[in-house]
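As stored in work_24.cif (mmCIF, C-alpha atoms and all ligand atoms):
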data_target
loop_
_atom_site.label_atom_id
_atom_site.label_comp_id
_atom_site.auth_asym_id
_atom_site.auth_seq_id
_atom_site.Cartn_x
_atom_site.Cartn_y
_atom_site.Cartn_z
CA MET J 245 -26.83 67.97 153.03
CA PRO J 246 -23.81 67.42 150.86
CA PHE J 247 -21.29 70.09 151.90
CA TYR J 248 -20.83 73.77 152.71
CA HIS J 249 -21.37 76.07 149.76
CA ARG J 250 -21.63 79.80 149.10
CA LEU J 251 -22.95 81.60 146.08
CA GLY J 252 -23.44 85.24 145.13
CA LYS J 253 -22.78 88.22 147.33
CA ILE J 254 -22.66 87.82 151.12
CA PRO J 255 -21.16 89.96 153.92
CA PRO J 256 -17.84 88.88 155.47
CA ARG J 257 -19.51 88.10 158.80
CA LYS J 258 -22.97 86.85 159.73
CA HIS J 259 -25.52 89.14 161.36
CA THR J 260 -23.72 92.34 160.38
CA GLN J 261 -24.67 95.42 158.36
CA PHE J 262 -24.83 94.57 154.66
CA TYR J 263 -25.76 97.50 152.44
CA LYS J 264 -27.23 97.62 148.98
CA PRO J 265 -25.30 99.54 146.28
CA ASP J 266 -27.04 102.76 147.35
CA GLY J 267 -25.04 102.57 150.57
CA VAL J 268 -28.11 103.41 152.64
CA SER J 269 -30.57 100.53 152.58
CA LEU J 270 -29.85 97.11 154.04
CA TYR J 271 -30.18 93.66 152.52
CA ARG J 272 -32.42 91.41 154.66
CA GLU J 273 -30.67 88.43 156.22
CA GLU J 274 -32.76 85.25 156.66
CA LEU J 275 -31.42 82.27 158.60
CA TYR J 276 -33.09 79.14 157.22
CA SER J 277 -32.64 76.55 159.94
CA THR J 278 -33.60 72.93 160.59
CA LEU J 279 -34.16 70.96 163.81
CA GLY J 280 -34.77 74.09 165.80
CA PHE J 281 -31.48 75.88 165.50
CA SER J 282 -29.47 72.68 165.85
CA GLY J 283 -29.58 71.20 162.34
CA VAL J 284 -28.09 72.29 159.04
CA TYR J 285 -28.87 75.83 157.93
CA SER J 286 -28.17 78.50 155.37
CA ASN J 287 -28.07 82.28 155.57
CA LYS J 288 -29.73 84.07 152.66
CA TYR J 289 -29.59 87.76 151.82
CA HIS J 290 -32.79 89.17 150.33
CA ILE J 291 -33.42 92.44 148.54
CA HIS J 292 -36.84 92.60 150.21
CA MET J 293 -38.21 91.28 153.48
CA PRO J 294 -39.06 87.58 153.05
CA THR J 295 -42.16 88.14 155.17
CA SER J 296 -44.01 90.69 153.03
CA ILE J 297 -47.24 89.19 151.72
CA HIS J 298 -50.51 90.82 150.64
CA ARG J 299 -52.98 88.04 151.45
CA VAL J 300 -53.55 84.34 152.01
CA ARG J 301 -56.43 82.18 150.80
CA GLU J 302 -57.06 78.45 150.80
CA LEU J 303 -57.30 76.66 147.43
CA PRO J 304 -59.25 73.43 146.75
CA LEU J 305 -56.30 71.67 145.09
CA HIS J 306 -56.37 68.50 147.19
CA LYS J 307 -57.53 65.45 145.22
CA GLU J 308 -59.28 62.99 147.56
CA VAL J 309 -58.10 59.52 146.53
CA SER J 310 -58.32 57.53 149.77
CA TRP J 311 -59.06 53.83 149.36
CA PRO J 312 -59.79 52.63 152.91
CA GLU J 313 -60.90 49.18 151.70
CA ALA J 314 -57.62 48.46 149.91
CA PRO J 315 -56.80 44.82 150.71
CA LEU J 316 -53.51 43.72 152.23
CA GLN J 317 -51.97 41.97 149.23
CA TYR J 318 -49.18 42.15 146.68
CA TYR J 319 -49.63 45.08 144.31
CA HIS J 320 -48.38 45.88 140.85
CA PHE J 321 -49.73 48.97 139.11
CA PHE J 322 -48.90 50.99 136.02
CA THR J 323 -48.34 54.68 136.76
CA GLU J 324 -48.17 55.34 133.00
CA LYS J 325 -51.87 54.47 132.75
CA LEU J 326 -52.66 57.63 134.69
CA ARG J 327 -51.07 60.29 132.54
CA SER J 328 -51.86 63.48 134.36
CA ASP J 329 -52.62 66.87 132.93
CA GLY J 330 -51.41 70.10 134.48
CA ASP J 331 -48.42 72.07 135.66
CA PHE J 332 -45.72 70.86 138.05
CA ILE J 333 -48.03 71.54 141.02
CA THR J 334 -51.41 70.25 139.80
CA SER J 335 -50.28 67.23 137.74
CA ARG J 336 -49.36 65.09 140.74
CA ASN J 337 -51.20 61.81 141.31
CA LEU J 338 -50.80 60.15 144.69
CA PHE J 339 -50.45 56.36 144.71
CA LEU J 340 -49.10 55.29 148.12
CA HIS J 341 -48.85 57.07 151.43
CA ASN J 342 -48.51 56.89 155.19
CA ALA J 343 -47.91 59.54 157.85
CA HIS J 344 -44.27 59.93 156.81
CA CYS J 345 -44.12 59.15 153.10
CA ALA J 346 -46.22 59.98 150.04
CA ILE J 347 -45.40 58.55 146.60
CA ALA J 348 -46.80 60.27 143.52
CA THR J 349 -46.07 60.62 139.82
CA ALA J 350 -46.66 63.61 137.57
CA HIS J 351 -46.62 64.37 133.85
CA PRO J 352 -46.29 68.18 133.78
CA ASN J 353 -47.45 69.33 130.35
CA ARG J 354 -47.86 73.07 130.82
CA ASP J 355 -46.04 75.97 132.43
CA THR J 356 -47.35 78.12 135.25
CA GLU J 357 -46.49 81.52 136.66
CA GLN J 358 -47.00 80.16 140.18
CA PHE J 359 -44.31 79.20 142.65
CA PHE J 360 -44.65 76.22 144.99
CA LYS J 361 -43.53 75.41 148.51
CA ASN J 362 -44.03 72.21 150.46
CA ALA J 363 -44.26 73.43 154.04
CA TYR J 364 -44.40 70.07 155.80
CA ALA J 365 -42.43 67.67 153.61
CA ASP J 366 -39.02 67.33 152.02
CA GLU J 367 -39.27 66.12 148.45
CA TYR J 368 -37.31 63.63 146.37
CA VAL J 369 -38.03 64.19 142.67
CA PHE J 370 -36.82 61.54 140.23
CA VAL J 371 -36.74 62.86 136.66
CA HIS J 372 -37.83 59.84 134.63
CA HIS J 373 -38.43 61.86 131.46
CA GLY J 374 -37.75 65.49 130.62
CA THR J 375 -35.04 68.10 130.89
CA GLY J 376 -35.19 71.59 132.33
CA ALA J 377 -34.33 73.53 135.46
CA LEU J 378 -35.34 73.75 139.09
CA LEU J 379 -35.41 77.41 140.06
CA THR J 380 -35.10 78.47 143.69
CA GLU J 381 -33.72 81.34 145.76
CA TYR J 382 -30.48 79.35 145.81
CA GLY J 383 -30.08 79.53 142.03
CA ARG J 384 -30.70 77.42 138.96
CA LEU J 385 -30.26 73.65 139.02
CA ARG J 386 -30.35 72.21 135.50
CA PHE J 387 -31.74 68.65 135.39
CA VAL J 388 -31.64 65.80 132.91
CA GLU J 389 -33.23 62.39 132.85
CA GLY J 390 -32.16 60.22 135.75
CA ASP J 391 -31.57 63.11 138.13
CA GLN J 392 -32.75 62.60 141.69
CA ILE J 393 -33.40 66.05 143.10
CA ILE J 394 -33.67 66.64 146.84
CA ILE J 395 -35.75 69.71 147.72
CA PRO J 396 -35.74 70.45 151.46
CA LYS J 397 -39.08 71.49 152.95
CA GLY J 398 -39.98 75.14 152.96
CA ILE J 399 -38.07 76.16 149.83
CA PRO J 400 -40.14 78.09 147.26
CA TYR J 401 -39.44 76.63 143.84
CA ARG J 402 -40.54 76.33 140.26
CA PHE J 403 -39.91 73.58 137.72
CA THR J 404 -39.42 74.67 134.13
CA PHE J 405 -39.12 72.09 131.38
CA ASP J 406 -37.42 72.54 128.02
CA TYR J 407 -40.43 70.92 126.34
CA TRP J 408 -43.95 70.35 127.60
CA THR J 409 -44.45 66.87 126.20
CA ASN J 410 -43.46 63.48 127.61
CA ASN J 411 -42.29 64.73 131.01
CA LYS J 412 -42.50 62.27 133.88
CA LEU J 413 -41.57 62.73 137.53
CA LEU J 414 -41.64 60.39 140.51
CA ILE J 415 -42.12 62.46 143.66
CA VAL J 416 -41.59 61.07 147.16
CA GLU J 417 -42.55 63.37 150.01
CA SER J 418 -40.97 62.78 153.41
CA SER J 419 -41.95 64.16 156.81
CA THR J 420 -38.28 64.09 157.81
CA ALA J 421 -35.23 65.28 155.92
CA TYR J 422 -33.50 63.28 153.21
CA ASP J 423 -29.97 62.64 154.23
CA ILE J 424 -26.84 61.06 152.88
CA PRO J 425 -26.32 57.96 155.06
CA ARG J 426 -23.85 58.64 157.83
CA HIS J 427 -21.74 55.58 157.02
CA PHE J 428 -21.09 57.05 153.55
CA ARG J 429 -19.02 59.78 155.23
CA ASN J 430 -15.69 59.79 156.98
CA GLU J 431 -15.15 61.43 160.38
CA TYR J 432 -14.72 64.82 158.69
CA GLY J 433 -17.97 64.59 156.77
CA GLN J 434 -16.32 63.97 153.40
CA LEU J 435 -17.89 61.21 151.34
CA ASP J 436 -15.85 58.11 152.00
CA GLU J 437 -13.82 56.48 149.22
CA ALA J 438 -16.08 53.41 149.51
CA ALA J 439 -19.34 55.39 149.24
CA PRO J 440 -21.42 54.79 146.08
CA TYR J 441 -21.11 58.44 145.06
CA CYS J 442 -18.88 61.39 145.88
CA GLU J 443 -19.10 65.17 146.02
CA ARG J 444 -18.28 65.51 142.31
CA ASP J 445 -21.39 63.49 141.46
CA ILE J 446 -23.66 65.94 143.30
CA LYS J 447 -25.13 68.84 141.36
CA ILE J 448 -25.90 72.01 143.26
CA PRO J 449 -27.58 75.28 142.24
CA GLU J 450 -25.67 77.64 139.98
CA TYR J 451 -25.78 81.39 140.34
CA MET J 452 -28.91 83.10 139.03
CA GLU J 453 -29.35 86.86 138.92
CA PRO J 454 -31.75 87.88 141.70
CA PHE J 455 -35.17 89.18 140.65
CA ASP J 456 -35.77 92.65 142.04
CA GLN J 457 -39.43 92.85 141.05
CA VAL J 458 -42.29 94.25 143.12
CA GLY J 459 -45.81 93.21 142.18
CA GLU J 460 -48.15 90.34 142.96
CA PHE J 461 -46.61 86.86 142.83
CA ALA J 462 -48.54 83.70 143.67
CA LEU J 463 -46.88 81.13 145.91
CA ILE J 464 -48.81 77.87 146.40
CA VAL J 465 -48.03 76.43 149.83
CA LYS J 466 -48.83 72.77 150.46
CA ALA J 467 -49.44 71.95 154.12
CA GLY J 468 -50.31 68.24 154.27
CA ASN J 469 -53.60 67.92 152.38
CA ARG J 470 -54.31 71.66 152.44
CA TYR J 471 -53.17 74.21 149.90
CA PHE J 472 -52.87 77.96 150.34
CA GLU J 473 -52.15 80.72 147.89
CA TYR J 474 -49.88 83.41 149.26
CA THR J 475 -49.85 86.62 147.26
CA LEU J 476 -46.32 87.90 147.71
CA HIS J 477 -45.32 91.54 147.55
CA HIS J 478 -42.25 90.75 145.41
CA HIS J 479 -40.62 88.01 143.35
CA PRO J 480 -39.52 85.25 145.76
CA PHE J 481 -36.13 84.76 144.10
CA ASP J 482 -34.66 88.04 145.32
CA VAL J 483 -31.61 86.54 147.04
CA VAL J 484 -28.30 88.19 146.16
CA GLY J 485 -26.21 85.56 147.96
CA TRP J 486 -26.28 82.73 150.47
CA ASP J 487 -24.06 80.27 152.25
CA GLY J 488 -24.52 77.15 154.32
CA TYR J 489 -25.44 73.50 154.10
CA HIS J 490 -29.18 73.81 153.37
CA TYR J 491 -30.08 73.91 149.66
CA PRO J 492 -31.49 71.66 146.94
CA TYR J 493 -29.15 69.26 145.17
CA ALA J 494 -29.25 66.34 142.76
CA LEU J 495 -27.59 62.99 142.10
CA ASN J 496 -28.10 61.25 138.77
CA ILE J 497 -28.97 57.57 139.08
CA ARG J 498 -26.46 56.88 136.28
CA ASP J 499 -23.69 58.23 138.53
CA TYR J 500 -24.50 55.77 141.30
CA ASN J 501 -21.69 53.19 141.62
CA PRO J 502 -23.16 49.78 142.48
CA LYS J 503 -21.50 47.09 144.56
CA VAL J 504 -21.40 43.46 143.50
CA GLY J 505 -20.65 40.36 145.56
CA LYS J 506 -19.49 36.82 144.96
CA LEU J 507 -22.98 35.80 146.09
CA HIS J 508 -26.17 37.87 146.14
CA LEU J 509 -26.01 41.00 148.28
CA PRO J 510 -29.10 42.31 150.11
CA PRO J 511 -30.97 45.47 149.05
CA PRO J 512 -29.32 47.83 151.60
CA THR J 513 -26.16 47.42 149.47
CA HIS J 514 -27.91 49.71 146.98
CA LEU J 515 -28.72 52.46 149.48
CA ALA J 516 -28.71 56.04 148.13
CA PHE J 517 -30.57 58.26 150.64
CA LYS J 518 -32.24 57.82 154.00
CA THR J 519 -34.86 59.55 156.09
CA GLU J 520 -35.93 58.73 159.63
CA GLN J 521 -38.87 56.71 158.30
CA PHE J 522 -37.72 55.09 155.05
CA VAL J 523 -34.71 54.40 152.88
CA LEU J 524 -34.28 54.94 149.17
CA CYS J 525 -32.10 52.66 147.03
CA ASN J 526 -30.81 52.78 143.43
CA PHE J 527 -30.72 49.65 141.29
CA VAL J 528 -28.49 50.27 138.29
CA PRO J 529 -26.73 48.19 135.60
CA ARG J 530 -24.08 45.95 137.11
CA PRO J 531 -22.34 42.60 136.69
CA PHE J 532 -24.12 39.76 138.45
CA ASP J 533 -22.70 37.80 141.38
CA PHE J 534 -19.59 35.99 140.19
CA ASP J 535 -19.49 32.66 142.07
CA PRO J 536 -19.96 29.94 139.41
CA ALA J 537 -22.76 28.41 141.53
CA ALA J 538 -24.44 31.74 142.35
CA ILE J 539 -28.16 32.24 141.90
CA VAL J 540 -28.09 35.75 140.57
CA VAL J 541 -31.71 36.78 141.14
CA PRO J 542 -32.88 37.49 144.69
CA TYR J 543 -33.87 34.71 147.05
CA TRP J 544 -37.44 34.78 148.31
CA HIS J 545 -37.57 36.95 151.34
CA SER J 546 -39.83 38.44 153.99
CA ASN J 547 -39.01 41.80 155.48
CA CYS J 548 -41.27 42.07 158.50
CA ASP J 549 -40.41 45.69 159.30
CA SER J 550 -40.65 47.30 155.86
CA ASP J 551 -43.09 47.82 153.06
CA GLU J 552 -41.04 47.46 149.87
CA VAL J 553 -41.83 49.65 146.87
CA LEU J 554 -40.02 49.39 143.53
CA TYR J 555 -40.43 51.97 140.79
CA TYR J 556 -39.21 50.50 137.52
CA VAL J 557 -37.35 52.97 135.32
CA GLU J 558 -35.90 51.09 132.36
CA GLY J 559 -34.16 47.88 131.29
CA ASP J 560 -34.99 44.20 131.76
CA PHE J 561 -36.33 43.50 135.19
CA MET J 562 -34.62 40.30 136.12
CA SER J 563 -37.06 38.71 138.53
CA ARG J 564 -40.45 39.99 137.30
CA SER J 565 -42.81 39.35 134.42
CA GLY J 566 -45.26 41.84 133.00
CA ILE J 567 -43.36 44.87 134.28
CA ALA J 568 -43.28 48.05 132.20
CA GLU J 569 -41.48 51.37 132.54
CA GLY J 570 -43.27 53.29 135.25
CA SER J 571 -44.54 50.10 136.90
CA VAL J 572 -44.62 50.02 140.69
CA THR J 573 -44.69 46.94 142.88
CA LEU J 574 -45.62 47.04 146.56
CA HIS J 575 -44.75 44.07 148.74
CA PRO J 576 -46.25 44.81 152.15
CA SER J 577 -44.26 44.10 155.27
CA GLY J 578 -43.87 40.46 156.22
CA MET J 579 -45.25 39.09 152.96
CA PRO J 580 -42.69 36.79 151.29
CA HIS J 581 -41.76 37.70 147.75
CA GLY J 582 -39.15 36.85 145.16
CA PRO J 583 -38.66 35.72 141.57
CA GLN J 584 -41.69 34.64 139.61
CA PRO J 585 -41.95 31.12 138.14
CA GLY J 586 -39.17 30.37 135.69
CA LYS J 587 -37.18 33.52 136.43
CA THR J 588 -34.61 31.84 138.72
CA GLU J 589 -33.80 29.11 136.20
CA ALA J 590 -33.76 31.57 133.30
CA ALA J 591 -31.18 33.74 135.06
CA LEU J 592 -28.67 30.94 135.81
CA GLY J 593 -25.37 31.80 134.18
CA ALA J 594 -26.41 35.38 133.33
CA LYS J 595 -23.52 37.81 133.63
CA GLU J 596 -25.13 41.22 134.06
CA THR J 597 -28.33 43.19 134.43
CA ASN J 598 -29.16 46.45 132.69
CA GLU J 599 -32.05 47.50 134.92
CA TYR J 600 -32.68 50.90 136.46
CA ALA J 601 -35.09 51.06 139.37
CA VAL J 602 -35.70 53.08 142.52
CA MET J 603 -36.66 51.29 145.73
CA ILE J 604 -38.43 52.87 148.70
CA ASP J 605 -38.56 50.78 151.87
CA THR J 606 -40.82 52.35 154.49
CA PHE J 607 -40.76 51.44 158.17
CA MET J 608 -44.53 52.03 158.51
CA PRO J 609 -47.17 50.40 156.28
CA LEU J 610 -48.24 52.26 153.15
CA ARG J 611 -51.84 52.77 152.10
CA PRO J 612 -52.71 52.38 148.39
CA THR J 613 -55.03 55.01 146.90
CA LEU J 614 -57.80 54.89 144.31
CA ASN J 615 -55.09 55.69 141.74
CA VAL J 616 -53.58 52.28 142.51
CA ARG J 617 -56.98 50.64 142.03
CA ALA J 618 -57.41 52.43 138.70
CA THR J 619 -54.07 51.24 137.32
CA LEU J 620 -53.87 47.80 138.92
CA ASP J 621 -52.39 44.66 137.39
CA GLU J 622 -55.22 42.40 138.58
CA ARG J 623 -53.21 39.18 138.11
CA TYR J 624 -50.14 40.15 140.10
CA THR J 625 -51.19 38.69 143.44
CA GLN J 626 -51.52 35.25 141.79
CA SER J 627 -48.40 35.63 139.64
CA TRP J 628 -46.31 33.14 141.65
CA LEU J 629 -48.73 30.25 141.00
CA PRO J 630 -47.27 27.48 138.82
CA LYS J 631 -48.18 27.93 135.18
CA GLY J 632 -50.72 25.61 133.63
FE FE V 1 -37.95 42.61 148.58
#
Serialized structure, structure tokens:
Amino acid sequence: MPFYHRLGKIPPRKHTQFYKPDGVSLYREELYSTLGFSGVYSNKYHIHMPTSIHRVRELPLHKEVSWPEAPLQYYHFFTEKLRSDGDFITSRNLFLHNAHCAIATAHPNRDTEQFFKNAYADEYVFVHHGTGALLTEYGRLRFVEGDQIIIPKGIPYRFTFDYWTNNKLLIVESSTAYDIPRHFRNEYGQLDEAAPYCERDIKIPEYMEPFDQVGEFALIVKAGNRYFEYTLHHHPFDVVGWDGYHYPYALNIRDYNPKVGKLHLPPPTHLAFKTEQFVLCNFVPRPFDFDPAAIVVPYWHSNCDSDEVLYYVEGDFMSRSGIAEGSVTLHPSGMPHGPQPGKTEAALGAKETNEYAVMIDTFMPLRPTLNVRATLDERYTQSWLPKG
């Protein structure tokens, strides 16, 4: 979590009497804690009890897309070929997953009155296309293209878009929390001067008037592959104030400051966020390596402990042919990969790259789904063969 923050109206001390304007009834304090009571937390002050629900029922929202026969090979697929239809909950299409990581895209094209909560997974949401706001109990977080929004598990939220056409999200669920890498911080927790982003680059929720509305409100709770509809007794965004370290936040990929070397630097140089089971990197426009003899595209490499996923956002992709916006490549662990034929020679003497891409390196193998099969570039596995 980025830093301590407080918003709205809170009592001077925790766990003390905090009265509503009538002077008689109490606000309801909720401690939202992680890692038992040992991790980061926030204290929220509700108008109503956060526990009051009318009923719970299971919904058949899970889309079964397992592909157990998926071969172990290089993959390139086009997520844009599977333009989904639905709201921000139902438009998700899962492409790659393991026990700790699930990678999906979504094209939300309609609004919904429902709220959503991912009970088991923290979410990274990359806004490839679209503008709007993420609404939570913590306030309103306006987003624009390129924003990378971190939504900790268990937070009820709703995405609203300014327009309901041409929206595109990349969503990466994680079984463990997204964190800012420890070596980005100094001993006091402040982002270090050498870190690729600083506190000013991080967007946090802005104050939103609490909703004091009693009625029936639908909260869709995702618990792994199961979905439940909770009918709440009141609007979930009834928080008058909060403070702490636990809240959603965003970093725009355009605000990520890249590092450049005399000779080619390895992918961890582009680290943005980490979890316990994978890392997430930002590739952004930058000058190329500046030694006159440098080979500016990557060397061929094998990474025997990581599956490497690249989501291509925009720009010229220096070492790949046939890549489009929204393309994803998966290079499974231990399989050597690198520039395609002609790309190394073509890049000699180049001074800069204008690419944007997000990389996800998982420590456990990923399983492709039927959505990968449906959008596959069939020639990719053979794309390193000499031409002719
Ligand atoms: Fe790689």
(message) Hey, which residues sit close to ligand FE 1 (chain V)? Say within 7 Å, counting all atoms listed in the file, and write them as JSON, numbers by chain.
(response) {"J": [545, 552, 575, 581, 582]}
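The space between atom CA of J:His427 and atom CA of J:Pro440 spans 11.0 Å.
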(message) Please list, as a count of residues only, the residues that have an atom at most 10 Å away from (-30.7, 58.7, 159.0) in the coordinates of this file, counting only C-alpha atoms.
(response) 15
(request) Tell me which of J:Pro246, J:Gly566, J:Gly390, J:Pro492 sits closest to J:His372, counting all atoms listed in the file. (result)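 Of J:Pro246, J:Gly566, J:Gly390, J:Pro492, the one nearest J:His372, counting all atoms listed in the file, is J:Gly390.
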(request) Point out the residue among J:Pro612, J:Gly593, J:Pro255, J:Gly586 with the least atom-to-atom distance to J:Leu270, counting only C-alpha atoms. (result)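 Using only C-alpha atoms, the shortest distance to J:Leu270 belongs to J:Pro255.
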(request) Find, counting all atoms listed in the file, the residue in J:His479, J:His341, J:Arg250, J:Arg444 that gets nearest to J:Asn496. (result) J:Arg444
Quick one: residues within 9 Å of J:Ser577, all atoms listed in the file, excluding same-chain residues fewer than 3 positions away - as a CSV table (one decimal) with C-alpha atoms, in the frame of the given file?
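Generated file (result.csv):
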chain,number,residue,atom,x,y,z
J,546,SER,CA,-39.8,38.4,154.0
J,547,ASN,CA,-39.0,41.8,155.5
J,548,CYS,CA,-41.3,42.1,158.5
J,549,ASP,CA,-40.4,45.7,159.3
J,550,SER,CA,-40.6,47.3,155.9
J,551,ASP,CA,-43.1,47.8,153.1
J,552,GLU,CA,-41.0,47.5,149.9
J,580,PRO,CA,-42.7,36.8,151.3
J,606,THR,CA,-40.8,52.4,154.5
J,607,PHE,CA,-40.8,51.4,158.2
J,608,MET,CA,-44.5,52.0,158.5
J,609,PRO,CA,-47.2,50.4,156.3
(request) Could you tell me how far atom CA of J:Val616 lies from atom CA of J:Phe321, in Å and to one decimal? (result)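 About the pair atom CA of J:Val616 and atom CA of J:Phe321: they are 6.1 Å apart.
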(request) Have a look at J:Tyr624, J:Trp544, J:Phe281, J:Tyr248 and name the one nearest to J:Ser571; count all atoms listed in the file. (result)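 Ranking J:Tyr624, J:Trp544, J:Phe281, J:Tyr248 by distance to J:Ser571, first place goes to J:Tyr624.
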Go through stretch 299-390 of chain J residue by residue and, counting only C-alpha atoms, keep those with an atom at most 12 Å from stretch 480-490 of chain J; for each kept residue give the shortest atom pair and its distance in Å to one decimal, ordered by chain and increasing number, as CSV.
residue,atom,partner,partner_atom,distance
J:Gln358,CA,J:Pro480,CA,10.6
J:Phe359,CA,J:Pro480,CA,8.3
J:Phe360,CA,J:Pro480,CA,10.4
J:Lys361,CA,J:Pro480,CA,11.0
J:Asp366,CA,J:His490,CA,11.9
J:Leu379,CA,J:Phe481,CA,8.4
J:Thr380,CA,J:Phe481,CA,6.4
J:Glu381,CA,J:Phe481,CA,4.5
J:Tyr382,CA,J:Trp486,CA,7.1
J:Gly383,CA,J:Phe481,CA,8.3
J:Arg384,CA,J:Phe481,CA,10.5
(request) In the coordinate frame of the file, compute which residues have an atom within 6 Å of (-56.1, 68.3, 148.8) when using all atoms listed in the file, and state them as a ChimeraX atom specification. (result) /J:305-307,469-470
(message) List the spatial neighbours of J:Leu574 as number ranges by chain - criterion: any atom at most 10 Å away, only C-alpha atoms, same-chain residues fewer than 3 positions off excluded.
(response) J: 317-321, 340, 551-555, 577, 603-605, 610, 612
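Atom CA of J:Arg617 lies 26.1 Å from atom CA of J:Glu599.
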(message) Give me the residues near J:Gln434 as number ranges by chain, where near means some atom within 9 Å (using all atoms listed in the file) and where sequence neighbours in that chain fewer than 6 positions away do not count.
(response) J: 246-247, 428, 442-443
(message) Can you pull out the residues contacting stretch 271-273 of chain J? Cut-off 8 Å, using all atoms listed in the file, and skip same-chain residues under 4 positions away; I want them as a ChimeraX atom specification.
(response) /J:259,262-264,287-294
